[in-house]
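Structure data follow from work.txt (compact mmCIF, C-alpha atoms and all ligand atoms):
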```
# COMPACT_ATOMS: atom_id res chain seq x y z
CA MET A 1435 -11.36 7.14 -141.12
CA SER A 1436 -13.82 6.52 -143.97
CA VAL A 1437 -17.42 5.51 -143.21
CA ALA A 1438 -18.86 3.06 -145.74
CA ILE A 1439 -22.63 3.24 -146.22
CA GLU A 1440 -24.37 0.58 -148.23
CA ARG A 1441 -26.99 2.30 -150.33
CA PRO A 1442 -30.31 0.42 -150.29
CA PRO A 1443 -32.17 0.16 -153.62
CA SER A 1444 -34.31 3.33 -153.27
CA ASP A 1445 -37.29 2.12 -155.32
CA LEU A 1446 -37.98 -0.57 -152.69
CA GLN A 1447 -37.99 1.91 -149.81
CA PRO A 1448 -41.09 3.70 -148.48
CA ALA A 1449 -40.77 7.48 -148.90
CA GLY A 1450 -40.29 8.09 -145.18
CA VAL A 1451 -37.28 5.83 -145.09
CA ARG A 1452 -35.88 7.51 -148.19
CA ALA A 1453 -36.31 10.89 -146.52
CA GLY A 1454 -34.54 9.60 -143.41
CA TYR A 1455 -31.80 8.25 -145.58
CA ALA A 1456 -31.47 11.56 -147.42
CA ALA A 1457 -31.26 13.36 -144.05
CA ALA A 1458 -28.58 10.92 -142.92
CA VAL A 1459 -26.61 11.58 -146.11
CA ARG A 1460 -26.97 15.34 -145.54
CA HIS A 1461 -25.56 14.91 -142.05
CA LEU A 1462 -22.92 12.45 -143.18
CA PRO A 1463 -19.93 14.75 -142.57
CA SER A 1464 -20.94 15.39 -138.93
CA ILE A 1465 -21.85 11.71 -138.37
CA ALA A 1466 -18.50 10.67 -139.86
CA PHE A 1467 -16.72 13.22 -137.67
CA ALA A 1468 -18.50 11.97 -134.52
CA LEU A 1469 -17.78 8.34 -135.41
CA SER A 1470 -14.17 9.03 -136.19
CA SER A 1471 -13.74 10.95 -132.90
CA VAL A 1472 -15.25 8.05 -130.94
CA TYR A 1473 -13.14 5.62 -132.95
CA SER A 1474 -9.91 7.52 -132.32
CA LEU A 1475 -10.73 7.88 -128.61
CA TYR A 1476 -11.32 4.13 -128.53
CA MET A 1477 -8.04 3.44 -130.36
CA ASP A 1478 -6.16 5.70 -127.93
CA TRP A 1479 -7.80 3.93 -125.00
CA ALA A 1480 -7.00 0.46 -126.42
CA ALA A 1481 -3.43 1.46 -127.21
CA GLN A 1482 -3.10 2.88 -123.67
CA GLN A 1483 -4.25 -0.45 -122.19
CA ASN A 1484 -1.61 -2.33 -124.20
CA VAL A 1485 1.02 0.23 -123.34
CA GLU A 1486 0.23 0.02 -119.61
CA VAL A 1487 0.49 -3.78 -119.70
CA ASP A 1488 3.78 -3.68 -121.58
CA CYS A 1489 5.21 -0.83 -119.53
CA SER A 1490 6.46 -2.83 -116.56
CA ARG A 1491 8.03 -5.43 -118.87
CA LEU A 1492 9.93 -2.71 -120.78
CA ASP A 1493 10.90 -0.89 -117.57
CA ALA A 1494 12.35 -4.10 -116.12
CA MET A 1495 14.30 -4.76 -119.31
CA HIS A 1496 15.58 -1.17 -119.35
CA ASN A 1497 16.72 -1.44 -115.72
CA GLY A 1498 18.58 -4.68 -116.48
CA ILE A 1499 20.34 -3.11 -119.48
CA THR A 1500 21.22 0.03 -117.48
CA GLN A 1501 22.76 -2.02 -114.72
CA PHE A 1502 24.65 -3.99 -117.36
CA LEU A 1503 26.01 -0.63 -118.65
CA ASP A 1504 27.06 0.50 -115.14
CA GLY A 1505 24.22 3.01 -114.96
CA LYS A 1506 24.97 4.59 -118.36
CA LEU A 1507 22.51 5.23 -121.17
CA THR A 1508 24.99 4.04 -123.77
CA PRO A 1509 28.66 3.16 -123.99
CA ALA A 1510 29.10 6.27 -126.24
CA PRO A 1511 30.95 9.16 -124.55
CA LEU A 1512 28.07 11.65 -124.47
CA GLU A 1513 29.15 15.16 -123.45
CA ASN A 1514 26.40 17.49 -122.29
CA PRO A 1515 23.96 17.03 -125.16
CA ARG A 1516 21.41 19.85 -125.46
CA ARG A 1517 18.69 17.99 -127.40
CA ILE A 1518 18.02 14.25 -127.11
CA LEU A 1519 15.47 12.25 -129.11
CA GLU A 1520 14.29 8.73 -128.48
CA LEU A 1521 12.27 6.99 -131.21
CA GLY A 1522 9.98 4.04 -130.37
CA ALA A 1523 10.31 5.00 -126.72
CA GLY A 1524 7.92 2.31 -125.38
CA SER A 1525 7.55 2.86 -121.64
CA GLY A 1526 9.75 5.98 -121.86
CA ALA A 1527 12.26 4.51 -119.40
CA TRP A 1528 15.38 5.36 -121.44
CA ALA A 1529 14.19 8.90 -122.15
CA ILE A 1530 13.31 9.47 -118.49
CA GLN A 1531 16.77 8.36 -117.48
CA ALA A 1532 18.29 10.62 -120.18
CA ALA A 1533 16.29 13.59 -118.86
CA LYS A 1534 17.47 12.92 -115.30
CA GLN A 1535 21.09 12.40 -116.30
CA PHE A 1536 21.14 15.57 -118.42
CA PRO A 1537 18.78 17.96 -116.61
CA ASP A 1538 19.83 20.88 -118.84
CA ALA A 1539 18.96 18.99 -122.01
CA GLU A 1540 15.59 18.98 -123.76
CA VAL A 1541 14.51 15.35 -124.15
CA VAL A 1542 11.84 14.24 -126.60
CA ALA A 1543 10.41 10.72 -126.34
CA SER A 1544 8.38 9.59 -129.31
CA ASP A 1545 6.46 6.48 -130.31
CA PHE A 1546 3.47 5.70 -132.49
CA ASN A 1547 1.67 4.48 -129.37
CA PRO A 1548 0.95 6.85 -126.50
CA LEU A 1549 3.36 6.90 -123.59
CA PRO A 1550 1.95 5.25 -120.45
CA LEU A 1551 0.50 7.70 -117.94
CA ARG A 1552 3.46 8.41 -115.65
CA ALA A 1553 5.36 11.28 -114.11
CA LEU A 1554 7.87 12.81 -116.52
CA PRO A 1555 10.88 14.96 -115.66
CA PRO A 1556 10.26 18.65 -116.44
CA ASN A 1557 12.80 18.66 -119.30
CA MET A 1558 11.10 15.77 -121.12
CA ARG A 1559 8.11 15.72 -123.41
CA PHE A 1560 6.35 13.16 -125.58
CA GLU A 1561 5.60 13.55 -129.25
CA ARG A 1562 3.69 10.92 -131.17
CA ALA A 1563 5.50 9.88 -134.35
CA ASP A 1564 5.68 6.90 -136.65
CA VAL A 1565 9.23 6.24 -137.79
CA THR A 1566 7.99 4.82 -141.09
CA GLN A 1567 6.32 8.15 -141.95
CA ARG A 1568 7.50 11.72 -142.22
CA MET A 1569 8.48 12.65 -138.66
CA PRO A 1570 7.75 16.02 -137.01
CA PHE A 1571 11.44 16.73 -136.33
CA GLU A 1572 13.87 19.03 -138.10
CA PRO A 1573 16.89 17.40 -139.78
CA ALA A 1574 20.18 17.73 -137.89
CA SER A 1575 18.42 19.05 -134.77
CA PHE A 1576 19.34 16.49 -132.06
CA ASP A 1577 22.71 15.90 -130.37
CA VAL A 1578 21.61 12.34 -129.55
CA VAL A 1579 19.13 10.13 -131.40
CA HIS A 1580 18.43 6.75 -129.80
CA ILE A 1581 16.29 3.86 -131.04
CA ARG A 1582 16.22 0.48 -129.31
CA PHE A 1583 14.54 -2.82 -130.23
CA VAL A 1584 12.25 -1.10 -132.73
CA LEU A 1585 13.74 -1.53 -136.21
CA CYS A 1586 13.63 -5.34 -136.03
CA HIS A 1587 9.82 -5.13 -135.69
CA ILE A 1588 9.32 -2.96 -138.77
CA PRO A 1589 9.19 -4.40 -142.30
CA ASP A 1590 12.61 -3.70 -143.86
CA GLY A 1591 13.38 -1.62 -140.77
CA HIS A 1592 17.02 -1.14 -141.77
CA THR A 1593 15.96 1.04 -144.71
CA LEU A 1594 14.89 3.70 -142.17
CA ILE A 1595 18.39 4.10 -140.74
CA PRO A 1596 19.54 6.86 -143.18
CA ARG A 1597 16.39 8.93 -142.43
CA ILE A 1598 16.90 8.50 -138.69
CA ALA A 1599 20.58 9.45 -139.08
CA GLU A 1600 19.52 12.70 -140.76
CA LEU A 1601 18.02 13.88 -137.46
CA VAL A 1602 21.46 13.86 -135.78
CA ALA A 1603 23.17 17.27 -135.55
CA PRO A 1604 26.82 17.64 -136.66
CA GLY A 1605 29.03 16.23 -133.89
CA GLY A 1606 26.03 14.38 -132.38
CA TRP A 1607 25.53 10.68 -131.70
CA LEU A 1608 23.37 8.09 -133.42
CA LEU A 1609 22.64 5.24 -131.00
CA ILE A 1610 20.97 2.14 -132.41
CA ASP A 1611 20.42 -0.85 -130.14
CA ASP A 1612 18.83 -3.95 -131.57
CA CYS A 1613 18.91 -7.67 -131.15
CA CYS A 1614 19.24 -11.07 -132.71
CA MET A 1615 16.21 -12.98 -131.58
CA PRO A 1616 16.39 -16.70 -130.90
CA ILE A 1617 16.15 -18.90 -133.99
CA SER A 1618 14.90 -21.90 -132.04
CA ALA A 1619 14.88 -23.44 -128.58
CA ASP A 1620 17.10 -26.26 -127.35
CA GLY A 1621 15.83 -28.95 -125.01
CA ASP A 1622 12.67 -30.84 -124.28
CA CYS A 1623 10.27 -27.95 -124.89
CA THR A 1624 7.92 -28.55 -127.82
CA ASN A 1625 5.71 -25.54 -127.11
CA ILE A 1626 8.48 -23.07 -126.35
CA ARG A 1627 10.13 -24.14 -129.63
CA ARG A 1628 6.81 -23.86 -131.47
CA CYS A 1629 6.24 -20.31 -130.20
CA ILE A 1630 9.80 -19.16 -130.92
CA GLU A 1631 9.92 -20.70 -134.40
CA GLY A 1632 6.35 -19.65 -135.22
CA TYR A 1633 6.89 -16.03 -134.20
CA ARG A 1634 10.12 -15.89 -136.18
CA ALA A 1635 8.31 -17.29 -139.26
CA TYR A 1636 5.56 -14.68 -138.76
CA MET A 1637 8.15 -11.89 -138.61
CA LEU A 1638 9.97 -13.11 -141.72
CA ALA A 1639 6.67 -13.44 -143.61
CA ASN A 1640 6.05 -9.79 -142.76
CA LYS A 1641 9.55 -8.69 -143.83
CA GLN A 1642 10.50 -7.90 -140.23
CA GLN A 1643 14.12 -8.54 -139.27
CA PRO A 1644 14.45 -10.76 -136.19
CA ARG A 1645 18.26 -10.87 -136.68
CA LEU A 1646 18.76 -7.20 -137.53
CA GLY A 1647 21.56 -7.03 -134.96
CA ASP A 1648 23.67 -9.35 -137.16
CA ASP A 1649 23.76 -6.76 -139.93
CA LEU A 1650 23.70 -3.54 -137.92
CA GLU A 1651 27.40 -2.80 -138.35
CA GLY A 1652 27.13 -3.10 -142.15
CA TYR A 1653 24.11 -0.78 -142.25
CA LEU A 1654 25.95 1.82 -140.18
CA ARG A 1655 29.16 1.57 -142.21
CA ALA A 1656 27.11 2.37 -145.30
CA LEU A 1657 26.05 5.72 -143.77
CA ASP A 1658 27.78 8.82 -145.10
CA GLY A 1659 29.17 11.42 -142.72
CA PHE A 1660 29.64 9.35 -139.56
CA GLN A 1661 32.82 8.42 -137.69
CA SER A 1662 33.85 6.60 -134.49
CA LEU A 1663 31.48 3.71 -135.23
CA GLN A 1664 31.46 1.05 -132.50
CA VAL A 1665 29.32 -2.06 -132.27
CA ALA A 1666 29.16 -4.18 -129.11
CA ARG A 1667 27.45 -7.53 -129.16
CA THR A 1668 26.55 -9.51 -126.04
CA ASN A 1669 25.31 -13.07 -126.30
CA PHE A 1670 22.84 -14.51 -123.83
CA VAL A 1671 21.70 -18.04 -123.24
CA LEU A 1672 18.34 -17.67 -121.55
CA ASN A 1673 17.48 -20.10 -118.79
CA SER A 1674 21.16 -20.75 -118.11
CA VAL A 1675 23.35 -19.32 -115.35
CA SER A 1676 26.13 -16.85 -116.06
CA PRO A 1677 29.06 -16.57 -113.61
CA ASP A 1678 28.84 -12.75 -113.88
CA PRO A 1679 26.02 -11.57 -111.58
CA VAL A 1680 25.21 -8.50 -113.70
CA HIS A 1681 25.09 -10.58 -116.87
CA GLN A 1682 22.95 -13.09 -114.98
CA ARG A 1683 20.52 -10.38 -113.88
CA LEU A 1684 20.05 -9.24 -117.49
CA ASN A 1685 19.71 -12.89 -118.52
CA GLU A 1686 16.83 -13.20 -116.07
CA ASP A 1687 15.26 -9.90 -117.15
CA LEU A 1688 15.37 -11.00 -120.78
CA ARG A 1689 13.92 -14.39 -119.90
CA GLU A 1690 11.10 -12.64 -118.05
CA SER A 1691 10.55 -10.20 -120.88
CA ILE A 1692 10.40 -12.90 -123.56
CA THR A 1693 8.10 -14.98 -121.36
CA ARG A 1694 5.70 -12.11 -120.75
CA PHE A 1695 5.74 -11.34 -124.46
CA PHE A 1696 4.76 -14.90 -125.39
CA ILE A 1697 2.11 -15.34 -122.75
CA SER A 1698 0.32 -12.13 -123.71
CA PRO A 1699 -2.58 -12.78 -126.11
CA MET A 1700 -1.27 -12.87 -129.69
CA SER A 1701 -3.16 -11.68 -132.74
CA SER A 1702 -4.82 -14.26 -134.96
CA ALA A 1703 -2.24 -13.44 -137.65
CA VAL A 1704 0.39 -15.04 -135.40
CA HIS A 1705 -1.84 -18.04 -134.59
CA GLY A 1706 -1.52 -19.02 -138.26
CA PHE A 1707 2.20 -19.56 -137.68
CA GLY A 1708 1.65 -21.98 -134.80
CA VAL A 1709 1.71 -19.48 -131.91
CA THR A 1710 -1.78 -20.50 -130.86
CA PRO A 1711 -3.36 -19.95 -127.42
CA GLU A 1712 -2.81 -23.69 -126.85
CA ALA A 1713 0.92 -23.39 -127.68
CA GLU A 1714 1.15 -20.35 -125.40
CA ARG A 1715 -0.43 -22.33 -122.54
CA GLY A 1716 2.08 -25.12 -123.20
CA PHE A 1717 4.86 -22.52 -123.20
CA VAL A 1718 3.94 -21.50 -119.65
CA GLU A 1719 3.78 -25.13 -118.48
CA GLU A 1720 7.23 -25.86 -119.90
CA LEU A 1721 8.89 -22.78 -118.43
CA ASP A 1722 9.74 -24.28 -115.06
CA THR A 1723 9.23 -27.98 -115.73
CA THR A 1724 11.61 -28.63 -118.61
CA ASP A 1725 15.22 -27.91 -119.34
CA TRP A 1726 15.28 -25.41 -122.19
CA LYS A 1727 17.73 -22.85 -123.57
CA LEU A 1728 17.35 -19.91 -125.92
CA SER A 1729 20.30 -18.11 -127.51
CA MET A 1730 19.92 -14.46 -128.36
CA SER A 1731 22.11 -11.37 -128.62
CA MET A 1732 21.85 -7.71 -127.81
CA VAL A 1733 23.74 -5.42 -130.16
CA LEU A 1734 24.54 -1.84 -129.12
CA SER A 1735 25.94 0.60 -131.65
CA TRP A 1736 27.09 4.20 -131.53
CA ALA A 1737 28.43 6.46 -134.25
CA ARG A 1738 29.23 10.16 -134.30
CA LYS A 1739 28.17 12.51 -137.06
CA LEU A 1740 31.12 14.50 -138.38
CA PRO A 1741 31.29 17.93 -136.75
CA ALA A 1742 30.34 20.89 -138.97
CA GLY A 1743 33.14 21.91 -141.33
CA THR A 1744 34.87 18.50 -141.17
CA LEU A 1745 35.66 16.81 -144.46
CA ASP A 1746 34.26 13.26 -144.75
C1 LIG B 1 10.09 -3.67 -128.08
S1 LIG B 1 9.43 -2.09 -127.79
C2 LIG B 1 10.91 -1.20 -127.32
C3 LIG B 1 10.60 0.01 -126.50
C4 LIG B 1 11.81 0.81 -126.02
N1 LIG B 1 12.58 1.29 -127.13
C5 LIG B 1 12.68 -0.01 -125.09
O1 LIG B 1 13.81 -0.32 -125.45
O2 LIG B 1 12.20 -0.34 -124.01
C6 LIG B 1 9.13 -1.47 -129.42
C7 LIG B 1 8.49 -0.08 -129.44
O3 LIG B 1 8.51 0.40 -130.78
C8 LIG B 1 7.30 1.08 -131.02
N2 LIG B 1 7.11 1.10 -132.48
C9 LIG B 1 6.93 0.04 -133.30
N3 LIG B 1 6.78 0.45 -134.57
C10 LIG B 1 6.89 1.81 -134.54
C11 LIG B 1 6.83 2.81 -135.54
N4 LIG B 1 6.60 2.51 -136.82
N5 LIG B 1 6.99 4.10 -135.17
C12 LIG B 1 7.20 4.42 -133.87
N6 LIG B 1 7.25 3.52 -132.88
C13 LIG B 1 7.11 2.22 -133.21
C14 LIG B 1 6.27 0.28 -130.26
O4 LIG B 1 5.10 1.04 -130.00
C15 LIG B 1 7.04 -0.07 -128.98
O5 LIG B 1 6.87 0.93 -128.01
```
Write out the structure in this file as structure tokens.
Amino acid sequence: MSVAIERPPSDLQPAGVRAGYAAAVRHLPSIAFALSSVYSLYMDWAAQQNVEVDCSRLDAMHNGITQFLDGKLTPAPLENPRRILELGAGSGAWAIQAAKQFPDAEVVASDFNPLPLRALPPNMRFERADVTQRMPFEPASFDVVHIRFVLCHIPDGHTLIPRIAELVAPGGWLLIDDCCMPISADGDCTNIRRCIEGYRAYMLANKQQPRLGDDLEGYLRALDGFQSLQVARTNFVLNSVSPDPVHQRLNEDLRESITRFFISPMSSAVHGFGVTPEAERGFVEELDTTDWKLSMSMVLSWARKLPAGTLD
């Protein structure tokens, strides 16, 4: 963190003030260090508050997806992986489940926010990492690398896929789950539509990819050295009833998750795109009083890196 000090015109200052100023400048490195420590403690605290709030939403969504997958972490046929990495781990729910399902594996959960304070299995640890920066992991060192609902939130997130794929060991699995967010809302729901369309416009203006799931297969096909690529897409119509009870449960979890997302306070950058506090209040009012529908998809993908010594 840099500390900007505005230098006063010294000839207008009484000598005592100048001396104090000179002393302050002499102590600038320690002042800057103290300020930056306080600042980073504050940022950690603030991030922790957000993470705690979001944790139950992400846990609920994870549980719905797991049930949808019959208790599995992925449709990929994982066989006793020894090292598992999750990027953008959020609440850590997927990584915790991975650690429990593979108690002999070493599981690393990572995110650029801290993990919420919660009990972790003994074979799991957290490492803070930003996927857009150089990551503290060796290439080809994980038998499974998983990233879910993260790339769509990052400007040009798809360009990170080759770097993420490099972390997969020969014979290991790259698991990328993403989504196609709703484009609009159907029905008599002005505020829900305003929030959905406004947030989408905000994402596009920031080069984020709300429909990354649409193109995931193409991005993965372009990767060198992978085989057995599979992509499974499931479409949901939120606020409608599915005849399949498991599908319906995930429908409800996603509805809840999207609702909690939109009723949390948004940054002023998003307000500029119409997702104002007033629109968010209207969103809540419309939830149970109007007939509305949102179409979205979840896209799961899995691809295996060629085992060592195999020709591409
Ligand atoms: C929608 S949440 C998904 C969390 C989790 N993967 C899940 O499926 O429940 C997105 C997560 O990505 C993380 N994230 C966003 N940008 C990131 C980045 N550049 N590097 C690492 N994590 C990031 C956020 O902190 C958040 O935890």
- Query: Hey, what's within 6 Å of segment 1553-1559 of chain A if we count all atoms listed in the file and toss same-chain stuff fewer than 4 positions away? As a ChimeraX atom specification, please?
  - Reply: /A:1540-1542
- Task: Output the neighbourhood of ligand LIG 1 (chain B) as a PyMOL selection string, that is, all protein and nucleic acid residues with some atom at most 8 Å from the ligand, counting all atoms listed in the file.
- Result: chain A and resi 1485+1492-1493+1495-1496+1520-1528+1544-1548+1562-1567+1581-1585+1587-1588
- Which residues come within 9 Å of Val1680 of chain A, counting all atoms listed in the file, excluding same-chain residues fewer than 5 positions away, as a list of chain:residue names? A:Gly1498, A:Gln1501, A:Phe1502, A:Asn1685
- Tell me which protein, DNA and RNA residues are within 7 Å of segment 1590-1594 of chain A, counting all atoms listed in the file, leaving out same-chain ones fewer than 5 positions away, and put them as a PyMOL selection string. chain A and resi 1585+1641-1643
- Spatial neighbours of Met1730 of chain A, max dist 6 Å, only C-alpha atoms, sep filter under 6 positions, as a PyMOL selection string: chain A and resi 1614-1616+1669-1670
- Shortest contact to Ile1697 of chain A, candidates A:Ala1666, A:Leu1519, A:Ile1626, A:Ile1530, atoms counted all atoms listed in the file, goes to A:Ile1626
Taking (21.1, 19.8, -141.9) in the file's own coordinates, collect the residues within 9 Å, counting only C-alpha atoms, and hand them back as a compact mmCIF listing (two decimals) with C-alpha atoms, keeping the file's coordinate frame.
```txt
# COMPACT_ATOMS: atom_id res chain seq x y z
CA GLU A 1572 13.87 19.03 -138.10
CA PRO A 1573 16.89 17.40 -139.78
CA ALA A 1574 20.18 17.73 -137.89
CA SER A 1575 18.42 19.05 -134.77
CA GLU A 1600 19.52 12.70 -140.76
CA LEU A 1601 18.02 13.88 -137.46
CA VAL A 1602 21.46 13.86 -135.78
CA ALA A 1603 23.17 17.27 -135.55
CA PRO A 1604 26.82 17.64 -136.66
```
- Got a sec: who's within 9 Å of segment 1606-1611 of chain A, counting all atoms listed in the file, leaving out chain neighbours fewer than 2 positions off, as a PyMOL selection string? chain A and resi 1508+1510+1512+1515+1574+1576-1585+1595+1598-1599+1601-1604+1613+1647+1650+1660+1732-1741
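Atom to atom, atom CA of Ala1639 of chain A and atom CA of Ala1656 of chain A stand 25.9 Å apart.
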- Quote the spacing between atom CA of Gly1716 of chain A and atom CA of Asp1488 of chain A in Å to one decimal place. 21.6 Å
- Task: Could you jot down the atom CA of Ile1692 of chain A to atom CA of Tyr1633 of chain A separation for me, Å, one decimal place?
- Result: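 Calculated distance between atom CA of Ile1692 of chain A and atom CA of Tyr1633 of chain A is 11.6 Å.
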- Nearest to Asp1622 of chain A by atom-to-atom distance, counting only C-alpha atoms, from A:Leu1646, A:Asp1722, A:Ala1742, A:Ser1729: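 When distances to Asp1622 of chain A are compared using only C-alpha atoms, the smallest one comes from A:Asp1722.
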